$ cat my_file.cif   # mmCIF, C-alpha atoms and all ligand atoms
data_start
#
loop_
_atom_site.label_atom_id
_atom_site.label_comp_id
_atom_site.auth_asym_id
_atom_site.auth_seq_id
_atom_site.Cartn_x
_atom_site.Cartn_y
_atom_site.Cartn_z
CA MET C 10 0.00 0.00 0.00
CA LYS C 11 0.95 3.66 -0.20
CA ILE C 12 0.49 6.75 1.95
CA ALA C 13 0.82 9.59 -0.55
CA ASP C 14 4.02 8.58 -2.38
CA VAL C 15 5.51 6.50 0.45
CA ASN C 16 5.52 2.78 -0.31
CA ILE C 17 4.60 0.63 2.66
CA PRO C 18 5.36 -3.08 2.34
CA ASN C 19 2.25 -4.31 4.18
CA PRO C 20 -0.80 -2.93 6.02
CA VAL C 21 0.02 -4.06 9.58
CA PHE C 22 1.49 -1.17 11.57
CA LEU C 23 2.97 -0.63 15.03
CA ALA C 24 0.96 1.99 16.95
CA PRO C 25 2.85 4.90 18.51
CA MET C 26 3.30 4.28 22.24
CA ALA C 27 5.06 6.72 24.53
CA GLY C 28 7.63 4.91 26.66
CA VAL C 29 7.49 1.84 24.41
CA THR C 30 8.07 2.47 20.69
CA ASP C 31 11.63 3.70 20.94
CA LEU C 32 14.23 2.83 18.32
CA PRO C 33 15.25 -0.62 19.67
CA PHE C 34 11.65 -1.79 20.00
CA ARG C 35 10.72 -0.48 16.56
CA LEU C 36 13.64 -2.41 15.05
CA LEU C 37 12.45 -5.64 16.70
CA CYS C 38 8.94 -5.12 15.30
CA LYS C 39 10.37 -4.34 11.89
CA GLU C 40 12.34 -7.60 11.93
CA MET C 41 9.03 -9.38 12.48
CA GLY C 42 7.62 -7.82 9.34
CA CYS C 43 5.75 -4.77 10.68
CA GLY C 44 4.78 -2.58 7.70
CA LEU C 45 5.13 0.87 9.29
CA VAL C 46 6.50 1.91 12.65
CA TYR C 47 5.71 5.12 14.55
CA THR C 48 7.94 6.89 17.05
CA GLU C 49 6.72 7.82 20.51
CA MET C 50 4.89 11.13 20.48
CA ILE C 51 7.28 14.07 20.39
CA SER C 52 6.47 17.55 21.63
CA ALA C 53 6.39 20.15 18.87
CA LYS C 54 7.50 22.76 21.39
CA GLY C 55 10.29 20.47 22.61
CA LEU C 56 11.71 20.18 19.13
CA PHE C 57 11.13 23.85 18.42
CA TYR C 58 13.28 24.78 21.42
CA GLY C 59 15.96 22.17 20.62
CA ASN C 60 15.35 20.00 23.71
CA GLU C 61 18.05 17.25 23.92
CA ASN C 62 15.64 14.47 25.00
CA THR C 63 13.46 15.29 22.04
CA LYS C 64 16.41 14.85 19.67
CA LEU C 65 17.01 11.32 21.00
CA LEU C 66 13.34 10.48 20.37
CA LEU C 67 13.82 11.54 16.76
CA GLU C 68 16.70 9.20 16.01
CA VAL C 69 15.84 6.74 13.26
CA ASP C 70 17.80 3.72 12.01
CA GLU C 71 18.17 3.08 8.29
CA LYS C 72 16.65 -0.41 8.73
CA GLU C 73 13.40 1.06 10.05
CA HIS C 74 12.07 2.67 6.91
CA PRO C 75 9.34 3.52 6.28
CA VAL C 76 8.97 5.28 9.62
CA ALA C 77 6.47 7.87 10.85
CA VAL C 78 7.37 10.45 13.46
CA GLN C 79 4.50 11.44 15.66
CA ILE C 80 4.32 15.00 16.98
CA PHE C 81 1.90 16.64 19.36
CA GLY C 82 1.05 20.25 19.99
CA SER C 83 -1.72 22.77 19.53
CA ASP C 84 -0.04 25.76 17.95
CA ALA C 85 -0.35 25.50 14.16
CA GLU C 86 2.55 27.88 13.56
CA ILE C 87 4.98 26.06 15.89
CA MET C 88 3.89 22.73 14.45
CA SER C 89 4.47 23.83 10.89
CA GLN C 90 7.90 25.22 11.85
CA MET C 91 8.66 21.89 13.42
CA ALA C 92 7.48 20.01 10.39
CA LYS C 93 9.96 22.03 8.30
CA LYS C 94 12.74 20.78 10.56
CA LEU C 95 11.47 17.23 10.15
CA GLU C 96 11.44 17.72 6.40
CA GLU C 97 15.24 17.84 6.56
CA THR C 98 15.52 14.52 8.40
CA ASP C 99 15.16 11.08 6.81
CA ILE C 100 11.80 10.23 8.37
CA ASP C 101 9.11 9.30 5.86
CA ILE C 102 5.80 10.46 7.33
CA ILE C 103 4.79 13.16 9.83
CA ASP C 104 1.91 12.09 12.04
CA ILE C 105 0.01 14.41 14.37
CA ASN C 106 -1.33 13.10 17.68
CA MET C 107 -4.97 13.97 18.23
CA GLY C 108 -5.76 11.13 20.58
CA CYS C 109 -3.59 11.26 23.68
CA PRO C 110 -5.92 11.25 26.72
CA ALA C 111 -3.34 12.17 29.40
CA PRO C 112 -4.60 15.03 31.61
CA LYS C 113 -1.40 17.06 31.31
CA ILE C 114 -1.65 16.95 27.50
CA VAL C 115 -5.40 17.64 27.38
CA LYS C 116 -4.95 20.57 29.79
CA ASN C 117 -2.72 22.22 27.16
CA ASN C 118 -5.37 21.63 24.48
CA GLU C 119 -3.11 19.05 22.83
CA GLY C 120 -3.68 15.38 21.92
CA SER C 121 -7.31 14.30 22.25
CA ALA C 122 -8.34 17.82 23.37
CA LEU C 123 -8.13 18.76 19.69
CA MET C 124 -11.13 16.50 19.04
CA ARG C 125 -13.19 19.21 20.79
CA ASN C 126 -12.13 21.71 18.18
CA PRO C 127 -12.43 20.37 14.60
CA LYS C 128 -11.80 23.85 13.16
CA LYS C 129 -8.44 23.94 14.90
CA ILE C 130 -7.67 20.46 13.53
CA GLY C 131 -8.28 21.83 10.04
CA GLU C 132 -5.94 24.76 10.71
CA ILE C 133 -3.18 22.55 12.09
CA VAL C 134 -3.39 20.00 9.26
CA LYS C 135 -3.38 22.77 6.67
CA ALA C 136 -0.46 24.63 8.25
CA VAL C 137 1.64 21.50 8.63
CA SER C 138 0.83 19.80 5.33
CA SER C 139 1.38 22.96 3.32
CA SER C 140 4.82 23.48 4.92
CA VAL C 141 6.32 20.16 3.86
CA LYS C 142 6.48 17.68 0.99
CA LYS C 143 6.42 14.64 3.26
CA PRO C 144 2.96 13.18 3.86
CA VAL C 145 1.17 14.45 6.95
CA THR C 146 -1.20 12.05 8.70
CA ILE C 147 -3.28 12.28 11.85
CA LYS C 148 -4.25 9.86 14.58
CA ILE C 149 -7.61 10.53 16.18
CA ARG C 150 -10.09 8.95 18.56
CA LYS C 151 -13.79 8.26 18.10
CA GLY C 152 -14.53 11.59 19.77
CA PHE C 153 -13.85 13.40 23.02
CA ASP C 154 -16.69 11.81 24.98
CA ASP C 155 -19.96 10.00 24.35
CA ASN C 156 -21.75 13.30 23.74
CA ASN C 157 -19.20 14.37 21.17
CA ILE C 158 -18.62 11.54 18.72
CA ASN C 159 -17.12 13.33 15.74
CA ALA C 160 -14.46 11.12 14.14
CA VAL C 161 -16.25 11.28 10.77
CA GLU C 162 -16.48 15.08 10.79
CA VAL C 163 -12.85 15.41 11.90
CA ALA C 164 -11.67 12.95 9.24
CA LYS C 165 -13.43 14.89 6.47
CA ILE C 166 -11.95 18.18 7.68
CA ALA C 167 -8.48 16.64 7.86
CA GLU C 168 -8.78 15.25 4.34
CA GLU C 169 -9.94 18.63 2.96
CA ASN C 170 -6.96 20.29 4.59
CA GLY C 171 -4.31 17.97 3.21
CA ALA C 172 -4.03 14.91 5.48
CA ALA C 173 -2.58 11.92 3.60
CA ALA C 174 -4.08 9.24 5.88
CA ILE C 175 -6.03 8.95 9.11
CA ALA C 176 -5.62 6.47 11.93
CA VAL C 177 -8.70 6.02 14.10
CA HIS C 178 -8.66 4.55 17.61
CA GLY C 179 -12.26 3.52 18.26
CA ARG C 180 -12.50 4.90 21.81
CA THR C 181 -13.36 8.33 23.17
CA ARG C 182 -10.93 10.32 25.26
CA GLU C 183 -13.17 9.74 28.24
CA GLN C 184 -12.71 5.98 27.86
CA PHE C 185 -8.92 6.20 27.92
CA TYR C 186 -8.19 2.49 27.26
CA SER C 187 -11.25 0.98 28.94
CA GLY C 188 -14.29 -0.66 27.38
CA ARG C 189 -14.22 -2.06 23.87
CA ALA C 190 -12.98 -0.16 20.85
CA ASP C 191 -15.84 0.74 18.52
CA TRP C 192 -14.92 -0.59 15.09
CA ASP C 193 -18.14 0.65 13.53
CA ILE C 194 -17.01 4.29 13.81
CA ILE C 195 -13.86 3.30 11.89
CA LYS C 196 -16.02 1.82 9.15
CA GLN C 197 -17.99 5.07 9.01
CA VAL C 198 -14.77 7.09 8.67
CA LYS C 199 -13.60 4.77 5.89
CA GLU C 200 -16.87 5.35 4.03
CA ALA C 201 -16.57 9.12 4.42
CA VAL C 202 -13.06 9.80 3.09
CA SER C 203 -10.95 8.63 0.18
CA ILE C 204 -7.51 8.80 1.81
CA PRO C 205 -6.23 5.62 3.53
CA VAL C 206 -7.81 4.82 6.88
CA ILE C 207 -5.81 2.94 9.51
CA ALA C 208 -7.98 1.08 12.01
CA ASN C 209 -6.87 0.79 15.62
CA GLY C 210 -8.05 -0.67 18.89
CA ASP C 211 -8.18 -4.11 20.49
CA VAL C 212 -6.23 -6.25 18.06
CA PHE C 213 -4.79 -8.93 20.32
CA SER C 214 -4.55 -11.88 17.92
CA PRO C 215 -4.23 -12.70 14.23
CA GLU C 216 -7.97 -13.45 14.14
CA ASP C 217 -8.77 -10.00 15.57
CA ALA C 218 -6.62 -8.43 12.86
CA LYS C 219 -8.51 -10.21 10.10
CA ARG C 220 -11.87 -9.26 11.61
CA LEU C 221 -10.84 -5.63 11.90
CA PHE C 222 -10.01 -5.54 8.18
CA GLU C 223 -13.25 -7.27 7.30
CA GLU C 224 -15.52 -5.24 9.57
CA THR C 225 -14.15 -1.79 8.71
CA ASN C 226 -12.86 -2.24 5.16
CA CYS C 227 -9.83 -0.22 6.36
CA ASN C 228 -6.61 0.11 4.38
CA ALA C 229 -4.34 -0.84 7.26
CA ILE C 230 -4.47 -1.80 10.91
CA MET C 231 -2.37 -0.61 13.80
CA VAL C 232 -1.37 -2.79 16.78
CA GLY C 233 -0.48 -1.25 20.13
CA ARG C 234 -0.63 -3.11 23.44
CA ALA C 235 -0.55 -6.56 21.87
CA ALA C 236 2.94 -5.80 20.54
CA GLN C 237 4.38 -5.06 23.99
CA GLY C 238 6.89 -7.82 24.73
CA ASN C 239 5.49 -9.50 21.65
CA PRO C 240 7.01 -8.31 18.37
CA TRP C 241 6.09 -11.76 16.95
CA ILE C 242 2.49 -10.56 16.69
CA PHE C 243 3.36 -8.94 13.34
CA LYS C 244 4.73 -12.15 11.83
CA ARG C 245 1.76 -14.12 13.15
CA ILE C 246 -0.83 -11.62 11.83
CA LEU C 247 0.82 -11.41 8.41
CA HIS C 248 1.06 -15.19 8.15
CA TYR C 249 -2.60 -15.59 9.08
CA LEU C 250 -3.74 -12.92 6.61
CA LYS C 251 -1.75 -14.56 3.83
CA LYS C 252 -2.10 -18.27 4.57
CA GLY C 253 -5.06 -18.58 6.96
CA GLU C 254 -2.91 -20.57 9.43
CA ILE C 255 -2.14 -19.66 13.02
CA LEU C 256 1.56 -19.87 13.83
CA ASP C 257 2.46 -21.06 17.34
CA GLU C 258 3.39 -18.48 19.95
CA PRO C 259 7.19 -18.33 20.45
CA LEU C 260 8.65 -20.66 23.08
CA ALA C 261 10.02 -19.32 26.38
CA GLN C 262 13.58 -19.71 25.08
CA GLU C 263 12.92 -17.42 22.14
CA LYS C 264 11.16 -14.88 24.35
CA ILE C 265 14.09 -14.77 26.77
CA ASN C 266 16.67 -14.58 23.99
CA THR C 267 14.78 -11.68 22.41
CA ALA C 268 14.45 -9.92 25.78
CA LEU C 269 18.22 -10.17 26.19
CA ARG C 270 18.85 -8.84 22.71
CA HIS C 271 16.36 -6.07 23.38
CA ALA C 272 18.28 -5.21 26.57
CA LYS C 273 21.58 -5.00 24.68
CA MET C 274 20.04 -2.74 22.03
CA LEU C 275 18.45 -0.51 24.65
CA ILE C 276 21.71 -0.22 26.60
CA GLU C 277 23.60 0.67 23.45
CA TYR C 278 21.02 3.35 22.70
CA LYS C 279 20.37 4.83 26.17
CA GLY C 280 23.25 3.60 28.35
CA GLU C 281 23.22 0.84 30.98
CA TYR C 282 21.61 2.79 33.82
CA ILE C 283 18.50 3.83 31.89
CA GLY C 284 18.50 0.75 29.63
CA ILE C 285 18.29 -1.73 32.52
CA ARG C 286 15.56 0.24 34.25
CA GLU C 287 13.51 0.57 31.09
CA MET C 288 13.94 -3.16 30.43
CA ARG C 289 11.99 -3.98 33.60
CA LYS C 290 8.63 -3.32 32.01
CA HIS C 291 9.66 -5.03 28.77
CA VAL C 292 10.77 -8.18 30.64
CA SER C 293 7.46 -8.29 32.48
CA TRP C 294 5.71 -8.15 29.10
CA TYR C 295 8.00 -10.76 27.49
CA THR C 296 7.40 -13.19 30.34
CA LYS C 297 3.67 -12.59 30.74
CA GLY C 298 1.90 -15.92 31.09
CA LEU C 299 5.11 -17.92 31.68
CA LEU C 300 5.52 -20.07 34.79
CA ASN C 301 6.35 -18.15 38.00
CA ALA C 302 6.85 -14.96 36.01
CA GLY C 303 5.83 -12.84 39.03
CA ILE C 304 8.77 -14.07 41.09
CA LEU C 305 11.14 -13.39 38.20
CA ARG C 306 9.75 -9.87 37.82
CA ASP C 307 10.46 -9.02 41.45
CA LYS C 308 14.07 -10.08 40.97
CA ILE C 309 14.46 -8.27 37.64
CA ASN C 310 13.22 -5.06 39.21
CA LYS C 311 16.31 -5.09 41.41
CA ALA C 312 18.82 -5.89 38.64
CA LYS C 313 21.36 -3.12 38.21
CA ASP C 314 23.33 -4.13 35.14
CA TYR C 315 23.17 -6.31 32.06
CA LYS C 316 25.11 -9.20 33.60
CA GLU C 317 22.67 -9.43 36.48
CA LEU C 318 19.69 -9.32 34.11
CA GLU C 319 21.23 -12.00 31.91
CA ASN C 320 21.98 -14.32 34.86
CA LEU C 321 18.44 -13.95 36.19
CA LEU C 322 16.81 -14.64 32.84
CA LEU C 323 19.02 -17.62 31.97
CA GLU C 324 18.60 -19.11 35.44
CA TYR C 325 14.84 -18.68 35.10
CA LEU C 326 14.84 -20.35 31.70
CA GLN C 327 16.74 -23.33 33.10
CA GLN C 328 14.25 -23.63 35.95
CA ILE C 329 11.17 -23.60 33.76
CA ASN C 330 12.73 -25.98 31.23
CA ASN C 331 13.54 -28.57 33.90
C1 LIG C 401 1.68 2.76 26.89
C2 LIG C 401 0.92 3.43 25.78
C3 LIG C 401 1.43 4.59 25.21
C4 LIG C 401 0.75 5.22 24.16
N1 LIG C 401 1.29 6.33 23.58
C5 LIG C 401 0.72 6.87 22.48
C6 LIG C 401 1.33 7.93 21.76
O1 LIG C 401 2.43 8.40 22.09
N2 LIG C 401 0.68 8.42 20.68
C7 LIG C 401 -0.52 7.92 20.26
O2 LIG C 401 -1.09 8.39 19.27
N3 LIG C 401 -1.14 6.92 20.92
C8 LIG C 401 -0.52 6.38 21.99
N4 LIG C 401 -1.10 5.30 22.61
C9 LIG C 401 -2.34 4.72 22.05
C10 LIG C 401 -2.02 3.61 21.04
O3 LIG C 401 -1.33 4.12 19.92
C11 LIG C 401 -3.30 2.92 20.56
O4 LIG C 401 -4.12 3.89 19.96
C12 LIG C 401 -4.10 2.27 21.70
O5 LIG C 401 -3.24 1.56 22.57
C13 LIG C 401 -5.18 1.33 21.14
O6 LIG C 401 -4.60 0.29 20.39
P1 LIG C 401 -4.42 -1.21 21.01
O7 LIG C 401 -5.77 -1.66 21.46
O8 LIG C 401 -3.86 -2.01 19.87
O9 LIG C 401 -3.47 -1.09 22.17
C14 LIG C 401 -0.46 4.68 23.68
C15 LIG C 401 -0.97 3.52 24.26
C16 LIG C 401 -0.30 2.89 25.28
C17 LIG C 401 -0.86 1.61 25.87
#
$ encode --input "my_file.cif" --output "structure tokens"
Amino acid sequence: MKIADVNIPNPVFLAPMAGVTDLPFRLLCKEMGCGLVYTEMISAKGLFYGNENTKLLLEVDEKEHPVAVQIFGSDAEIMSQMAKKLEETDIDIIDINMGCPAPKIVKNNEGSALMRNPKKIGEIVKAVSSSVKKPVTIKIRKGFDDNNINAVEVAKIAEENGAAAIAVHGRTREQFYSGRADWDIIKQVKEAVSIPVIANGDVFSPEDAKRLFEETNCNAIMVGRAAQGNPWIFKRILHYLKKGEILDEPLAQEKINTALRHAKMLIEYKGEYIGIREMRKHVSWYTKGLLNAGILRDKINKAKDYKELENLLLEYLQQINN
């Protein structure tokens, strides 16, 4: 498929997730066949003022392409200035976050708060898309709350103002991540616009992925939480879509080996102190559902360096394999 003139090898994408979809994790998902990866959301103001942390978030590896950078903000002028800076980097797509429900973001009228102001969405999309040649996409929710379900209206406005694709998470801001994602609203958006629509929410298995395509007629799907500690989900979804067969889940050995590789990549990227601490959540995801994983997690949370992490994981593997 294509988003504007960017070729995307397949329609199964990794959703942007703050604190999760950093460069090492994106590379692991890419290895498993993921069609398009998104960075964590990056503050437009942060980049505008040259914040060092923001620069790290923007680092992209050549093996990741195509890659979308997700920005958030509410000031059309700052966002278009920022997009011009991104135009000079080797990222492929600029995505604008219009779905983040976090109170500190909403308070600044950013993220999902924009869903309350479709006119402003039009202004932002126009300002950003007219400043750059790279495709500009948006990621929205169903609406702000149950009394304001406006994904279809917002999608039409975004398309008129130059958006190249729209990702829709079928929940309102008020729902955060609770309840079930409404796939019907995604279908309605798909019927209302002619740019590609990316469906998102509650894909936890290859069968879910197939159903989401069938029920919404979307152009692509986006997987978030199900990819945490589970980059294999992309390979399994793609295989199922192509062949109709369900591949087995990876064995504990493969999960542990990947967690260790992930740790090495993270340490190389962020240093040992931060890398080991950030690995704690990843290890708990990799080992979810494995025997005595809770006990392992408690130990991992005290690990201070790679060697300690490796010893704990290998010892654990030996125990569960005996
Ligand atoms: C830990 C976490 C961080 C997230 N961060 C972002 C983000 O930075 N930008 C964004 O648009 N959505 C973010 N989301 C929302 C996801 O992209 C996705 O819309 C949501 O998780 C629903 O998809 P899923 O059911 O496949 O998880 C985040 C979700 C989670 C769980």
$ residues_near_point --input "my_file.cif" --point "(11.5, 26.6, 20.0)" --cutoff "12 Å" --atoms "all atoms listed in the file" --output "PyMOL selection string"
chain C and resi 52-60+63+84+86-91+94
$ write_last_selection --input "my_file.cif" --atoms "C-alpha atoms" --output "short mmCIF file (atom, residue, chain, number, x, y, z; two decimals), in the frame of the given file"
data_model
loop_
_atom_site.label_atom_id
_atom_site.label_comp_id
_atom_site.auth_asym_id
_atom_site.auth_seq_id
_atom_site.Cartn_x
_atom_site.Cartn_y
_atom_site.Cartn_z
CA SER C 52 6.47 17.55 21.63
CA ALA C 53 6.39 20.15 18.87
CA LYS C 54 7.50 22.76 21.39
CA GLY C 55 10.29 20.47 22.61
CA LEU C 56 11.71 20.18 19.13
CA PHE C 57 11.13 23.85 18.42
CA TYR C 58 13.28 24.78 21.42
CA GLY C 59 15.96 22.17 20.62
CA ASN C 60 15.35 20.00 23.71
CA THR C 63 13.46 15.29 22.04
CA ASP C 84 -0.04 25.76 17.95
CA GLU C 86 2.55 27.88 13.56
CA ILE C 87 4.98 26.06 15.89
CA MET C 88 3.89 22.73 14.45
CA SER C 89 4.47 23.83 10.89
CA GLN C 90 7.90 25.22 11.85
CA MET C 91 8.66 21.89 13.42
CA LYS C 94 12.74 20.78 10.56
#
$ residues_near_ligand --input "my_file.cif" --ligand "ligand LIG 401 (chain C)" --cutoff "8 Å" --atoms "only C-alpha atoms and all ligand atoms" --output "PyMOL selection string"
chain C and resi 24-29+48-51+79+105-109+120+148-150+177-179+186+190+209-213+231-236
$ write_last_selection --input "my_file.cif" --atoms "C-alpha atoms" --output "PDB file, in the frame of the given file"
ATOM      1  CA  ALA C  24       0.960   1.990  16.950  1.00  0.00           C
ATOM      2  CA  PRO C  25       2.850   4.900  18.510  1.00  0.00           C
ATOM      3  CA  MET C  26       3.300   4.280  22.240  1.00  0.00           C
ATOM      4  CA  ALA C  27       5.060   6.720  24.530  1.00  0.00           C
ATOM      5  CA  GLY C  28       7.630   4.910  26.660  1.00  0.00           C
ATOM      6  CA  VAL C  29       7.490   1.840  24.410  1.00  0.00           C
ATOM      7  CA  THR C  48       7.940   6.890  17.050  1.00  0.00           C
ATOM      8  CA  GLU C  49       6.720   7.820  20.510  1.00  0.00           C
ATOM      9  CA  MET C  50       4.890  11.130  20.480  1.00  0.00           C
ATOM     10  CA  ILE C  51       7.280  14.070  20.390  1.00  0.00           C
ATOM     11  CA  GLN C  79       4.500  11.440  15.660  1.00  0.00           C
ATOM     12  CA  ILE C 105       0.010  14.410  14.370  1.00  0.00           C
ATOM     13  CA  ASN C 106      -1.330  13.100  17.680  1.00  0.00           C
ATOM     14  CA  MET C 107      -4.970  13.970  18.230  1.00  0.00           C
ATOM     15  CA  GLY C 108      -5.760  11.130  20.580  1.00  0.00           C
ATOM     16  CA  CYS C 109      -3.590  11.260  23.680  1.00  0.00           C
ATOM     17  CA  GLY C 120      -3.680  15.380  21.920  1.00  0.00           C
ATOM     18  CA  LYS C 148      -4.250   9.860  14.580  1.00  0.00           C
ATOM     19  CA  ILE C 149      -7.610  10.530  16.180  1.00  0.00           C
ATOM     20  CA  ARG C 150     -10.090   8.950  18.560  1.00  0.00           C
ATOM     21  CA  VAL C 177      -8.700   6.020  14.100  1.00  0.00           C
ATOM     22  CA  HIS C 178      -8.660   4.550  17.610  1.00  0.00           C
ATOM     23  CA  GLY C 179     -12.260   3.520  18.260  1.00  0.00           C
ATOM     24  CA  TYR C 186      -8.190   2.490  27.260  1.00  0.00           C
ATOM     25  CA  ALA C 190     -12.980  -0.160  20.850  1.00  0.00           C
ATOM     26  CA  ASN C 209      -6.870   0.790  15.620  1.00  0.00           C
ATOM     27  CA  GLY C 210      -8.050  -0.670  18.890  1.00  0.00           C
ATOM     28  CA  ASP C 211      -8.180  -4.110  20.490  1.00  0.00           C
ATOM     29  CA  VAL C 212      -6.230  -6.250  18.060  1.00  0.00           C
ATOM     30  CA  PHE C 213      -4.790  -8.930  20.320  1.00  0.00           C
ATOM     31  CA  MET C 231      -2.370  -0.610  13.800  1.00  0.00           C
ATOM     32  CA  VAL C 232      -1.370  -2.790  16.780  1.00  0.00           C
ATOM     33  CA  GLY C 233      -0.480  -1.250  20.130  1.00  0.00           C
ATOM     34  CA  ARG C 234      -0.630  -3.110  23.440  1.00  0.00           C
ATOM     35  CA  ALA C 235      -0.550  -6.560  21.870  1.00  0.00           C
ATOM     36  CA  ALA C 236       2.940  -5.800  20.540  1.00  0.00           C
TER      37      ALA C 236
END
$ atom_distance --input "my_file.cif" --atom1 "atom CA of C:Ile102" --atom2 "atom CA of C:Ile12"
8.4 Å
$ residues_around --input "my_file.cif" --residues "C:Asn228" --least-positions-apart "2" --cutoff "9 Å" --atoms "only C-alpha atoms" --output "list in words"
Met10, Pro20, Lys199, Pro205, Val206, Ile207, Ala208, Phe222, Thr225, Asn226 and Ile230 of chain C
$ closest_residue --input "my_file.cif" --among "C:Ala229, C:Leu123, C:Cys38, C:Val141" --to "C:Ile17" --atoms "all atoms listed in the file"
C:Ala229
$ residues_near_point --input "my_file.cif" --point "(1.4, 23.0, 8.2)" --cutoff "12 Å" --atoms "all atoms listed in the file" --output "JSON, numbers by chain"
{"C": [83, 84, 85, 86, 87, 88, 89, 90, 91, 92, 93, 94, 95, 96, 103, 104, 105, 129, 130, 131, 132, 133, 134, 135, 136, 137, 138, 139, 140, 141, 142, 143, 144, 145, 146, 167, 170, 171, 172]}
$ atom_distance --input "my_file.cif" --atom1 "atom CA of C:Pro112" --atom2 "atom CA of C:Ala176"
21.5 Å
$ atom_distance --input "my_file.cif" --atom1 "atom CA of C:Glu119" --atom2 "atom CA of C:Ala164"
17.2 Å
$ closest_residue --input "my_file.cif" --among "C:Ala160, C:Ala111, C:Ile204, C:Leu65" --to "C:Arg125" --atoms "only C-alpha atoms"
C:Ala160
$ residues_around --input "my_file.cif" --residues "C:Asn310" --least-positions-apart "6" --cutoff "10 Å" --atoms "only C-alpha atoms" --output "list in words"
Ile285, Arg286, Glu287, Met288, Arg289, Lys290, Val292, Ser293 and Leu318 of chain C
$ residues_around --input "my_file.cif" --residues "stretch 263-279 of chain C" --least-positions-apart "6" --cutoff "9 Å" --atoms "only C-alpha atoms" --output "short mmCIF file (atom, residue, chain, number, x, y, z; two decimals) with C-alpha atoms, in the coordinates of the input"
data_model
loop_
_atom_site.label_atom_id
_atom_site.label_comp_id
_atom_site.auth_asym_id
_atom_site.auth_seq_id
_atom_site.Cartn_x
_atom_site.Cartn_y
_atom_site.Cartn_z
CA ASP C 31 11.63 3.70 20.94
CA LEU C 32 14.23 2.83 18.32
CA PRO C 33 15.25 -0.62 19.67
CA PHE C 34 11.65 -1.79 20.00
CA LEU C 37 12.45 -5.64 16.70
CA LEU C 65 17.01 11.32 21.00
CA GLY C 238 6.89 -7.82 24.73
CA ASN C 239 5.49 -9.50 21.65
CA ILE C 285 18.29 -1.73 32.52
CA GLU C 287 13.51 0.57 31.09
CA MET C 288 13.94 -3.16 30.43
CA HIS C 291 9.66 -5.03 28.77
CA VAL C 292 10.77 -8.18 30.64
CA TYR C 295 8.00 -10.76 27.49
CA THR C 296 7.40 -13.19 30.34
CA TYR C 315 23.17 -6.31 32.06
CA LEU C 318 19.69 -9.32 34.11
CA GLU C 319 21.23 -12.00 31.91
CA LEU C 322 16.81 -14.64 32.84
CA LEU C 323 19.02 -17.62 31.97
CA LEU C 326 14.84 -20.35 31.70
#
$ closest_residue --input "my_file.cif" --among "C:Trp294, C:Phe153, C:Phe185, C:Tyr47" --to "C:Pro240" --atoms "only C-alpha atoms"
C:Trp294
$ residues_around --input "my_file.cif" --residues "C:Pro110" --least-positions-apart "5" --cutoff "8 Å" --atoms "all atoms listed in the file" --output "list in words"
Val115, Gly120, Ser121, Ala122, Arg182, Glu183 and Phe185 of chain C
$ write_last_selection --input "my_file.cif" --atoms "C-alpha atoms" --output "PDB file, in the frame of the given file"
ATOM      1  CA  VAL C 115      -5.400  17.640  27.380  1.00  0.00           C
ATOM      2  CA  GLY C 120      -3.680  15.380  21.920  1.00  0.00           C
ATOM      3  CA  SER C 121      -7.310  14.300  22.250  1.00  0.00           C
ATOM      4  CA  ALA C 122      -8.340  17.820  23.370  1.00  0.00           C
ATOM      5  CA  ARG C 182     -10.930  10.320  25.260  1.00  0.00           C
ATOM      6  CA  GLU C 183     -13.170   9.740  28.240  1.00  0.00           C
ATOM      7  CA  PHE C 185      -8.920   6.200  27.920  1.00  0.00           C
TER       8      PHE C 185
END
$ closest_residue --input "my_file.cif" --among "C:Lys219, C:Asp99, C:Leu66, C:Arg189" --to "C:Lys251" --atoms "all atoms listed in the file"
C:Lys219
$ closest_residue --input "my_file.cif" --among "C:Glu68, C:Asp101, C:Glu223, C:Asp154" --to "C:Thr30" --atoms "all atoms listed in the file"
C:Glu68
